[in-house]
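Student: Pasting final-v5.cif here (mmCIF, C-alpha atoms):
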```cif
data_my_file
#
loop_
_atom_site.label_atom_id
_atom_site.label_comp_id
_atom_site.auth_asym_id
_atom_site.auth_seq_id
_atom_site.Cartn_x
_atom_site.Cartn_y
_atom_site.Cartn_z
CA MET F 26 -45.77 41.86 27.95
CA TYR F 27 -48.93 43.82 27.22
CA ALA F 28 -52.16 42.05 26.46
CA GLY F 29 -52.92 41.83 22.80
CA HIS F 30 -49.30 42.04 21.76
CA HIS F 31 -47.74 38.93 20.19
CA ALA F 32 -44.15 38.17 21.13
CA ILE F 33 -41.84 37.42 18.21
CA PRO F 34 -39.79 34.32 19.12
CA GLN F 35 -36.07 34.92 18.76
CA GLN F 36 -34.29 32.39 16.59
CA PHE F 37 -32.26 30.17 18.87
CA TRP F 38 -29.22 29.89 16.60
CA SER F 39 -29.26 32.17 13.62
CA ASN F 40 -27.31 31.05 10.59
CA GLY F 41 -26.78 27.66 12.25
CA PRO F 42 -26.19 24.27 10.62
CA ALA F 43 -28.80 23.08 8.19
CA PRO F 44 -30.33 19.67 8.92
CA GLY F 45 -28.03 16.89 7.82
CA GLN F 46 -24.93 19.07 7.66
CA PHE F 47 -21.70 18.54 9.61
CA TYR F 48 -19.85 21.30 11.43
CA ASN F 49 -16.39 21.20 12.94
CA PHE F 50 -17.17 22.65 16.36
CA THR F 51 -13.54 22.45 17.45
CA GLY F 52 -12.36 24.62 14.57
CA GLY F 53 -15.21 27.09 15.01
CA TYR F 54 -15.03 27.34 18.81
CA ASN F 55 -14.30 31.08 18.77
CA GLY F 56 -17.38 31.74 16.70
CA LEU F 57 -19.53 29.77 19.15
CA ALA F 58 -18.02 31.53 22.14
CA THR F 59 -18.88 34.96 20.72
CA GLY F 60 -22.32 33.88 19.60
CA ASN F 61 -21.43 34.39 15.97
CA ALA F 62 -22.24 31.01 14.47
CA SER F 63 -21.44 32.30 10.99
CA GLN F 64 -17.74 32.05 11.88
CA CYS F 65 -18.03 28.30 12.38
CA LYS F 66 -16.32 26.37 9.60
CA GLU F 67 -18.35 23.79 7.79
CA TYR F 68 -16.99 20.25 8.13
CA THR F 69 -17.17 17.87 5.20
CA ALA F 70 -17.69 14.25 6.16
CA PRO F 71 -14.73 12.01 5.20
CA GLY F 72 -17.02 9.62 3.37
CA LEU F 73 -20.52 9.09 2.10
CA PHE F 74 -21.57 7.57 5.42
CA GLY F 75 -19.99 10.08 7.78
CA THR F 76 -17.16 9.13 10.12
CA GLN F 77 -14.95 6.35 8.84
CA HIS F 78 -12.84 4.03 10.98
CA SER F 79 -9.15 3.33 10.54
CA SER F 80 -8.47 1.30 7.42
CA SER F 81 -4.89 0.33 8.18
CA PRO F 82 -2.91 -0.48 11.34
CA ILE F 83 -0.10 1.82 12.45
CA THR F 84 1.85 0.17 15.30
CA THR F 85 2.20 -3.46 14.32
CA GLY F 86 3.80 -6.78 15.13
CA THR F 87 4.70 -9.23 12.41
CA SER F 88 4.64 -13.04 12.17
CA VAL F 89 3.51 -15.48 14.87
CA VAL F 90 4.19 -19.23 14.47
CA GLY F 91 2.49 -22.00 16.44
CA ILE F 92 3.32 -25.73 16.46
CA LYS F 93 1.69 -28.75 18.06
CA PHE F 94 4.01 -31.38 19.46
CA ASP F 95 3.58 -34.65 21.28
CA GLY F 96 2.15 -33.47 24.59
CA GLY F 97 1.60 -29.77 24.05
CA VAL F 98 1.76 -26.60 21.97
CA MET F 99 4.32 -23.84 21.54
CA ILE F 100 3.91 -20.38 19.99
CA ALA F 101 6.73 -17.99 19.05
CA ALA F 102 6.93 -14.37 17.92
CA ASP F 103 9.69 -11.79 17.81
CA ASN F 104 9.78 -8.92 20.31
CA LEU F 105 9.45 -6.07 17.82
CA VAL F 106 6.50 -3.70 17.45
CA SER F 107 7.04 -1.42 14.47
CA TYR F 108 5.74 2.12 14.03
CA GLY F 109 5.11 2.01 10.30
CA SER F 110 8.55 1.11 8.90
CA LEU F 111 10.39 2.20 12.05
CA ALA F 112 11.57 -0.56 14.43
CA ARG F 113 10.25 1.46 17.34
CA TYR F 114 9.58 -0.88 20.28
CA GLN F 115 12.15 -3.67 20.48
CA ASP F 116 11.32 -5.37 23.77
CA VAL F 117 7.61 -6.17 23.57
CA GLU F 118 6.39 -9.72 24.08
CA ARG F 119 3.64 -10.75 21.66
CA VAL F 120 3.12 -14.24 23.10
CA PHE F 121 1.22 -14.68 26.36
CA LYS F 122 0.17 -17.16 28.98
CA VAL F 123 -3.58 -16.77 29.49
CA ASN F 124 -3.81 -19.44 32.20
CA SER F 125 -2.29 -22.85 32.92
CA LYS F 126 -4.21 -24.41 29.99
CA THR F 127 -4.29 -21.64 27.40
CA ILE F 128 -1.68 -19.59 25.52
CA MET F 129 -1.86 -17.12 22.63
CA GLY F 130 0.17 -14.96 20.25
CA ALA F 131 -0.84 -11.79 18.41
CA GLY F 132 0.17 -10.25 15.09
CA GLY F 133 -1.15 -7.00 13.63
CA ASP F 134 -2.15 -3.75 15.33
CA PHE F 135 -0.74 -3.88 18.84
CA ALA F 136 -3.09 -1.20 20.19
CA ASP F 137 -6.05 -3.33 19.16
CA PHE F 138 -4.48 -6.28 20.91
CA GLN F 139 -3.94 -4.31 24.12
CA SER F 140 -7.63 -3.41 24.11
CA LEU F 141 -8.63 -7.02 23.45
CA LYS F 142 -6.28 -8.36 26.14
CA ARG F 143 -7.95 -6.20 28.78
CA SER F 144 -11.21 -8.01 28.04
CA ILE F 145 -9.49 -11.40 28.19
CA ASP F 146 -7.77 -10.51 31.48
CA GLN F 147 -11.15 -9.53 32.93
CA LYS F 148 -12.58 -12.91 31.94
CA ILE F 149 -9.68 -14.61 33.73
CA VAL F 150 -10.35 -12.54 36.87
CA GLU F 151 -14.01 -13.58 36.76
CA ASP F 152 -12.96 -17.24 36.52
CA LEU F 153 -10.78 -16.83 39.61
CA CYS F 154 -13.55 -15.07 41.53
CA HIS F 155 -15.92 -18.00 40.98
CA GLY F 156 -13.50 -20.21 42.91
CA ASP F 157 -14.69 -23.40 41.20
CA ASP F 158 -11.26 -24.45 39.85
CA LEU F 159 -12.54 -24.06 36.26
CA GLU F 160 -10.31 -22.22 33.78
CA MET F 161 -10.87 -20.93 30.28
CA LYS F 162 -9.90 -23.63 27.80
CA PRO F 163 -8.14 -22.80 24.52
CA LYS F 164 -11.10 -23.90 22.40
CA SER F 165 -13.38 -21.59 24.41
CA LEU F 166 -11.07 -18.61 23.86
CA TYR F 167 -10.72 -19.53 20.17
CA ASN F 168 -14.50 -19.62 19.66
CA TRP F 169 -15.00 -16.39 21.61
CA LEU F 170 -12.42 -14.62 19.43
CA THR F 171 -14.19 -15.73 16.24
CA ARG F 172 -17.39 -14.08 17.51
CA VAL F 173 -15.64 -10.88 18.65
CA PHE F 174 -13.70 -10.50 15.39
CA TYR F 175 -16.69 -11.24 13.18
CA ASN F 176 -18.84 -8.80 15.17
CA ARG F 177 -16.29 -6.01 14.69
CA ARG F 178 -15.86 -6.90 11.02
CA SER F 179 -19.64 -6.71 10.51
CA ARG F 180 -19.64 -3.18 11.95
CA ILE F 181 -16.95 -2.17 9.40
CA ASN F 182 -14.58 -1.53 12.31
CA PRO F 183 -12.40 -4.64 12.49
CA LEU F 184 -9.74 -5.45 15.04
CA TRP F 185 -6.67 -5.49 12.78
CA LEU F 186 -5.26 -8.65 14.31
CA GLU F 187 -4.34 -12.21 13.56
CA MET F 188 -4.41 -14.41 16.65
CA VAL F 189 -2.87 -17.81 17.32
CA VAL F 190 -4.54 -19.65 20.22
CA GLY F 191 -3.21 -22.89 21.70
CA GLY F 192 -3.17 -25.01 24.81
CA MET F 193 -4.38 -28.24 26.34
CA ASP F 194 -8.09 -28.97 25.91
CA ASN F 195 -9.28 -32.03 27.84
CA GLY F 196 -5.75 -33.42 27.81
CA GLU F 197 -5.27 -32.94 24.05
CA PRO F 198 -3.14 -30.25 22.35
CA PHE F 199 -5.21 -27.59 20.58
CA LEU F 200 -3.97 -24.99 18.08
CA GLY F 201 -6.08 -22.51 16.12
CA HIS F 202 -5.86 -19.32 14.07
CA VAL F 203 -8.34 -16.41 13.90
CA ASP F 204 -8.02 -13.42 11.57
CA LEU F 205 -9.54 -9.93 11.52
CA ARG F 206 -12.61 -11.07 9.55
CA GLY F 207 -13.47 -13.80 12.03
CA ARG F 208 -12.25 -16.59 9.73
CA ALA F 209 -10.79 -19.43 11.76
CA TYR F 210 -9.23 -22.86 11.39
CA VAL F 211 -7.35 -25.40 13.49
CA ASP F 212 -4.23 -27.30 12.40
CA ASP F 213 -1.01 -28.89 13.66
CA VAL F 214 0.92 -25.79 12.59
CA VAL F 215 -0.39 -22.25 12.06
CA ALA F 216 1.23 -18.90 11.30
CA THR F 217 0.39 -15.27 10.60
CA GLY F 218 1.81 -12.71 8.18
CA PHE F 219 5.01 -13.65 6.39
CA GLY F 220 5.10 -16.82 8.46
CA LYS F 221 2.33 -18.27 6.28
CA HIS F 222 4.69 -18.17 3.30
CA LEU F 223 8.06 -18.84 4.93
CA ALA F 224 7.53 -20.77 8.16
CA LEU F 225 4.74 -23.21 7.27
CA PRO F 226 6.77 -25.00 4.55
CA LEU F 227 9.73 -25.38 6.92
CA VAL F 228 7.57 -27.01 9.58
CA ARG F 229 5.68 -29.24 7.18
CA GLU F 230 8.98 -30.62 5.90
CA GLN F 231 9.54 -32.01 9.41
CA LEU F 232 6.08 -33.52 9.78
CA VAL F 233 5.69 -37.22 9.07
CA GLU F 234 2.24 -38.63 8.38
CA GLY F 235 0.80 -40.15 11.54
CA GLN F 236 3.63 -38.93 13.78
CA LYS F 237 3.93 -35.87 15.99
CA LEU F 238 7.04 -33.87 16.67
CA THR F 239 8.71 -34.17 20.05
CA GLN F 240 9.04 -31.02 22.13
CA GLU F 241 12.74 -30.83 21.28
CA GLN F 242 12.07 -31.20 17.54
CA ALA F 243 9.34 -28.56 17.68
CA SER F 244 11.71 -26.18 19.51
CA ASP F 245 14.44 -26.71 16.90
CA VAL F 246 12.17 -26.12 13.90
CA LEU F 247 10.63 -23.07 15.58
CA ARG F 248 14.12 -21.62 16.07
CA LYS F 249 14.82 -22.19 12.37
CA CYS F 250 11.55 -20.50 11.42
CA MET F 251 12.40 -17.40 13.46
CA GLU F 252 15.84 -17.28 11.84
CA VAL F 253 14.44 -17.43 8.30
CA LEU F 254 11.79 -14.83 9.15
CA TYR F 255 14.50 -12.51 10.46
CA TYR F 256 16.41 -12.84 7.18
CA ARG F 257 13.38 -12.35 4.93
CA ASP F 258 10.93 -10.13 6.79
CA CYS F 259 12.05 -6.51 7.10
CA ARG F 260 9.61 -5.92 10.00
CA SER F 261 11.22 -8.58 12.21
CA MET F 262 14.19 -8.70 14.57
CA PRO F 263 16.53 -11.43 15.92
CA LYS F 264 15.10 -11.43 19.46
CA TYR F 265 12.02 -13.59 20.03
CA SER F 266 9.98 -15.19 22.81
CA VAL F 267 8.25 -18.57 23.05
CA VAL F 268 5.28 -19.66 25.15
CA VAL F 269 4.84 -23.38 25.82
CA CYS F 270 1.78 -25.21 27.16
CA THR F 271 1.83 -28.83 28.32
CA LYS F 272 -0.18 -30.86 30.83
CA ASP F 273 2.15 -29.43 33.50
CA GLY F 274 1.10 -25.84 32.77
CA SER F 275 2.06 -22.83 30.66
CA VAL F 276 5.28 -20.83 30.68
CA VAL F 277 6.76 -17.98 28.64
CA GLN F 278 10.39 -18.60 27.73
CA GLY F 279 13.01 -16.19 26.44
CA PRO F 280 13.87 -13.84 25.00
CA PHE F 281 16.14 -15.83 22.71
CA ASN F 282 18.30 -14.70 19.80
CA VAL F 283 18.35 -16.38 16.40
CA ASN F 284 21.56 -17.94 15.11
CA GLU F 285 22.54 -15.25 12.63
CA ASN F 286 24.74 -16.24 9.72
CA TRP F 287 25.61 -13.49 7.26
CA GLN F 288 28.29 -15.37 5.27
CA LEU F 289 26.03 -15.15 2.24
CA ALA F 290 26.23 -11.35 2.35
CA THR F 291 29.83 -11.41 1.14
CA MET F 292 28.61 -12.80 -2.21
CA VAL F 293 25.98 -10.08 -2.76
CA LYS F 294 27.26 -7.52 -5.25
CA GLY F 295 25.93 -4.34 -6.78
CA TYR F 296 24.27 -2.68 -3.77
#
```
What's the structure tokens form of this structure?
Tutor:
Amino acid sequence: MYAGHHAIPQQFWSNGPAPGQFYNFTGGYNGLATGNASQCKEYTAPGLFGTQHSSSPITTGTSVVGIKFDGGVMIAADNLVSYGSLARYQDVERVFKVNSKTIMGAGGDFADFQSLKRSIDQKIVEDLCHGDDLEMKPKSLYNWLTRVFYNRRSRINPLWLEMVVGGMDNGEPFLGHVDLRGRAYVDDVVATGFGKHLALPLVREQLVEGQKLTQEQASDVLRKCMEVLYYRDCRSMPKYSVVVCTKDGSVVQGPFNVNENWQLATMVKGY
């Protein structure tokens, strides 16, 4: 460069994106590769605030039903994970043993649950590494889930799940429900999805004020609930699993099959 001559700065990216605009760099990759930014296609944001998160679950599990009984808790859910309306995955357990004191069941988007379960599993590993014989209690997991779900809801990116958490907390049965907005409650019987409408009334018919169900009674009414849900919920199937927690520990049982009875179908006409 000669003295006295002023260099003209070359524009770094001619005809590039204006401030505040969005460009689809994947679609315009060829234009970028050749240096011709004018070939890049402008990308319109999907909403006023830019990228939007999923607003509906895709791969889902349906109802979960949990019951307290005299000496413990049991939670049941069928083994179907649907892809939209398609009964795609028919051997997937949606009830789990967290540790010897805590159990849980999940309804809703199964991918979200798999992501959440990785975090829970890591917490269990950390408990084991401490070597102090302390385990996560059901009330602790329940409270943690309310915070996680409410945090995600507040970021407009909820975990599309409804969770049932149960177990033995200081020698007493505990059963709680948490939904995708972080709303939570505890009760002697809880359910998600269609179970709220169909299973809860069946269980409450068996409850007597001041008395708790025995484990056998709870198992019988849970079997009836899964049968009715299979008849009435088109996203369910006859195979289901149960997880039980007592003072002796937690165990996943099943899969079981509901007692199907289609005698009524012979009276249905006109279809």
Student: Taking the file as shown, what set of residues would the PyMOL selection byres ((chain F and resi 91-94) around 6) give back, as a PyMOL selection string?
Tutor: chain F and resi 90+95-100+213-215+237-240
Student: Using all atoms listed in the file, which residue out of F:Trp185, F:Leu170, F:Gly156, F:Glu151 lies closest to F:Asp134?
Tutor: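 The answer is F:Trp185, which sits nearest to F:Asp134.
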Student: Starting from the PyMOL selection byres ((chain F and resi 183) around 12), expand the selection into actual residues of this file and give them as a ChimeraX atom specification.
Tutor: /F:77-82,133-134,137-138,141,171-182,184-187,204-207
Student: Restricting the calculation to only C-alpha atoms, which member of F:Ala102, F:Met193, F:Val293, F:Ala243 is positioned closest to F:Val120?
Tutor: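 The answer is F:Ala102, which sits nearest to F:Val120.
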Student: List the neighbours of F:Asn104 out to 8 Å using only C-alpha atoms; skip same-chain residues closer than 2 positions along the sequence, and give me the result as a PyMOL selection string.
Tutor: chain F and resi 102+106+115-119+262+264-266+280
Student: Using only C-alpha atoms, which of F:Gln236, F:Gln231, F:Asn168, F:Gln139 sits nearest F:His202?
Tutor: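 Among the listed residues, F:Asn168 lies closest to F:His202.
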Student: Do you have the atom CA of F:Asn282-atom CA of F:Cys270 distance handy?
Tutor: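 Going from atom CA of F:Asn282 over to atom CA of F:Cys270 covers 20.9 Å.
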Student: Take atom CA of F:Met161 and atom CA of F:Thr87 and report the distance between them in Å, one decimal.
Tutor: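 One can read the atom CA of F:Met161 to atom CA of F:Thr87 distance as 26.4 Å.
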Student: Using Å and a single decimal, report how far atom CA of F:Ala131 sits from atom CA of F:Arg113.
Tutor: 17.3 Å
Student: Using all atoms listed in the file, which protein or nucleic acid residues come within 12 Å of F:Pro226? Drop anything in the same chain fewer than 5 positions from it, and give the result as a list in words.
Tutor: Val90, Val214, Val215, Ala216, Phe219, Gly220, Lys221, Gln231, Leu232, Val246, Leu247, Lys249, Cys250 and Val253 of chain F
Student: Could you tell me, as a PyMOL selection string, which residues have any atom at most 6 Å from (1.4, -3.0, 17.6), counting only C-alpha atoms?
Tutor: chain F and resi 84-86+106+134-136
Student: Between F:Leu105, F:Val89, F:Leu153, F:Met129, which residue has the minimum interatomic distance to F:Thr217, considering all atoms listed in the file?
Tutor: F:Val89
Student: The PyMOL selection byres ((chain F and resi 192) around 8) on the file shown: which residues, as a PDB file with C-alpha atoms, keeping the file's coordinate frame?
Tutor:
```pdb
ATOM      1  CA  GLY F  97       1.600 -29.770  24.050  1.00  0.00           C
ATOM      2  CA  VAL F  98       1.760 -26.600  21.970  1.00  0.00           C
ATOM      3  CA  LYS F 126      -4.210 -24.410  29.990  1.00  0.00           C
ATOM      4  CA  THR F 127      -4.290 -21.640  27.400  1.00  0.00           C
ATOM      5  CA  ILE F 128      -1.680 -19.590  25.520  1.00  0.00           C
ATOM      6  CA  LYS F 162      -9.900 -23.630  27.800  1.00  0.00           C
ATOM      7  CA  PRO F 163      -8.140 -22.800  24.520  1.00  0.00           C
ATOM      8  CA  VAL F 190      -4.540 -19.650  20.220  1.00  0.00           C
ATOM      9  CA  GLY F 191      -3.210 -22.890  21.700  1.00  0.00           C
ATOM     10  CA  MET F 193      -4.380 -28.240  26.340  1.00  0.00           C
ATOM     11  CA  ASP F 194      -8.090 -28.970  25.910  1.00  0.00           C
ATOM     12  CA  PRO F 198      -3.140 -30.250  22.350  1.00  0.00           C
ATOM     13  CA  PHE F 199      -5.210 -27.590  20.580  1.00  0.00           C
ATOM     14  CA  LEU F 200      -3.970 -24.990  18.080  1.00  0.00           C
ATOM     15  CA  CYS F 270       1.780 -25.210  27.160  1.00  0.00           C
ATOM     16  CA  THR F 271       1.830 -28.830  28.320  1.00  0.00           C
TER      17      THR F 271
END
```
Student: Looking at all atoms listed in the file, which of F:Leu223, F:Ser261, F:Ser140, F:Ser125 is the one that sits closest to F:Leu159?
Tutor: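 For F:Leu159, the nearest of the candidates is F:Ser125.
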Student: Extract stretch 138-150 of chain F from the structure I just pasted (atoms: N, CA, C and O atoms) and return it as a PDB file, in the first residue's frame.
Tutor:
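What landed in decode01.pdb:
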```
ATOM      1  N   PHE F 138     -40.002 -38.644  29.383  1.00  0.00           N
ATOM      2  CA  PHE F 138     -39.761 -39.453  30.574  1.00  0.00           C
ATOM      3  C   PHE F 138     -38.375 -40.095  30.538  1.00  0.00           C
ATOM      4  O   PHE F 138     -37.689 -40.165  31.558  1.00  0.00           O
ATOM      5  N   GLN F 139     -37.960 -40.585  29.378  1.00  0.00           N
ATOM      6  CA  GLN F 139     -36.629 -41.195  29.285  1.00  0.00           C
ATOM      7  C   GLN F 139     -35.546 -40.187  29.656  1.00  0.00           C
ATOM      8  O   GLN F 139     -34.573 -40.517  30.343  1.00  0.00           O
ATOM      9  N   SER F 140     -35.719 -38.948  29.214  1.00  0.00           N
ATOM     10  CA  SER F 140     -34.760 -37.899  29.568  1.00  0.00           C
ATOM     11  C   SER F 140     -34.776 -37.636  31.070  1.00  0.00           C
ATOM     12  O   SER F 140     -33.719 -37.517  31.705  1.00  0.00           O
ATOM     13  N   LEU F 141     -35.976 -37.557  31.645  1.00  0.00           N
ATOM     14  CA  LEU F 141     -36.105 -37.306  33.081  1.00  0.00           C
ATOM     15  C   LEU F 141     -35.533 -38.471  33.896  1.00  0.00           C
ATOM     16  O   LEU F 141     -34.863 -38.254  34.919  1.00  0.00           O
ATOM     17  N   LYS F 142     -35.765 -39.692  33.444  1.00  0.00           N
ATOM     18  CA  LYS F 142     -35.307 -40.860  34.194  1.00  0.00           C
ATOM     19  C   LYS F 142     -33.785 -40.933  34.246  1.00  0.00           C
ATOM     20  O   LYS F 142     -33.210 -41.416  35.229  1.00  0.00           O
ATOM     21  N   ARG F 143     -33.103 -40.441  33.219  1.00  0.00           N
ATOM     22  CA  ARG F 143     -31.644 -40.403  33.268  1.00  0.00           C
ATOM     23  C   ARG F 143     -31.160 -39.542  34.428  1.00  0.00           C
ATOM     24  O   ARG F 143     -30.190 -39.879  35.105  1.00  0.00           O
ATOM     25  N   SER F 144     -31.853 -38.429  34.656  1.00  0.00           N
ATOM     26  CA  SER F 144     -31.486 -37.554  35.778  1.00  0.00           C
ATOM     27  C   SER F 144     -31.765 -38.240  37.109  1.00  0.00           C
ATOM     28  O   SER F 144     -30.968 -38.140  38.047  1.00  0.00           O
ATOM     29  N   ILE F 145     -32.903 -38.940  37.202  1.00  0.00           N
ATOM     30  CA  ILE F 145     -33.242 -39.642  38.435  1.00  0.00           C
ATOM     31  C   ILE F 145     -32.239 -40.765  38.696  1.00  0.00           C
ATOM     32  O   ILE F 145     -31.776 -40.953  39.827  1.00  0.00           O
ATOM     33  N   ASP F 146     -31.889 -41.518  37.646  1.00  0.00           N
ATOM     34  CA  ASP F 146     -30.913 -42.597  37.803  1.00  0.00           C
ATOM     35  C   ASP F 146     -29.578 -42.048  38.296  1.00  0.00           C
ATOM     36  O   ASP F 146     -28.891 -42.688  39.104  1.00  0.00           O
ATOM     37  N   GLN F 147     -29.184 -40.870  37.802  1.00  0.00           N
ATOM     38  CA  GLN F 147     -27.921 -40.280  38.241  1.00  0.00           C
ATOM     39  C   GLN F 147     -27.965 -39.907  39.714  1.00  0.00           C
ATOM     40  O   GLN F 147     -26.984 -40.080  40.451  1.00  0.00           O
ATOM     41  N   LYS F 148     -29.133 -39.436  40.172  1.00  0.00           N
ATOM     42  CA  LYS F 148     -29.286 -39.118  41.591  1.00  0.00           C
ATOM     43  C   LYS F 148     -29.165 -40.382  42.446  1.00  0.00           C
ATOM     44  O   LYS F 148     -28.599 -40.359  43.541  1.00  0.00           O
ATOM     45  N   ILE F 149     -29.696 -41.494  41.940  1.00  0.00           N
ATOM     46  CA  ILE F 149     -29.594 -42.758  42.675  1.00  0.00           C
ATOM     47  C   ILE F 149     -28.133 -43.211  42.753  1.00  0.00           C
ATOM     48  O   ILE F 149     -27.659 -43.691  43.798  1.00  0.00           O
ATOM     49  N   VAL F 150     -27.396 -43.053  41.651  1.00  0.00           N
ATOM     50  CA  VAL F 150     -25.973 -43.413  41.645  1.00  0.00           C
ATOM     51  C   VAL F 150     -25.208 -42.566  42.665  1.00  0.00           C
ATOM     52  O   VAL F 150     -24.345 -43.071  43.403  1.00  0.00           O
TER      53      VAL F 150
END
```
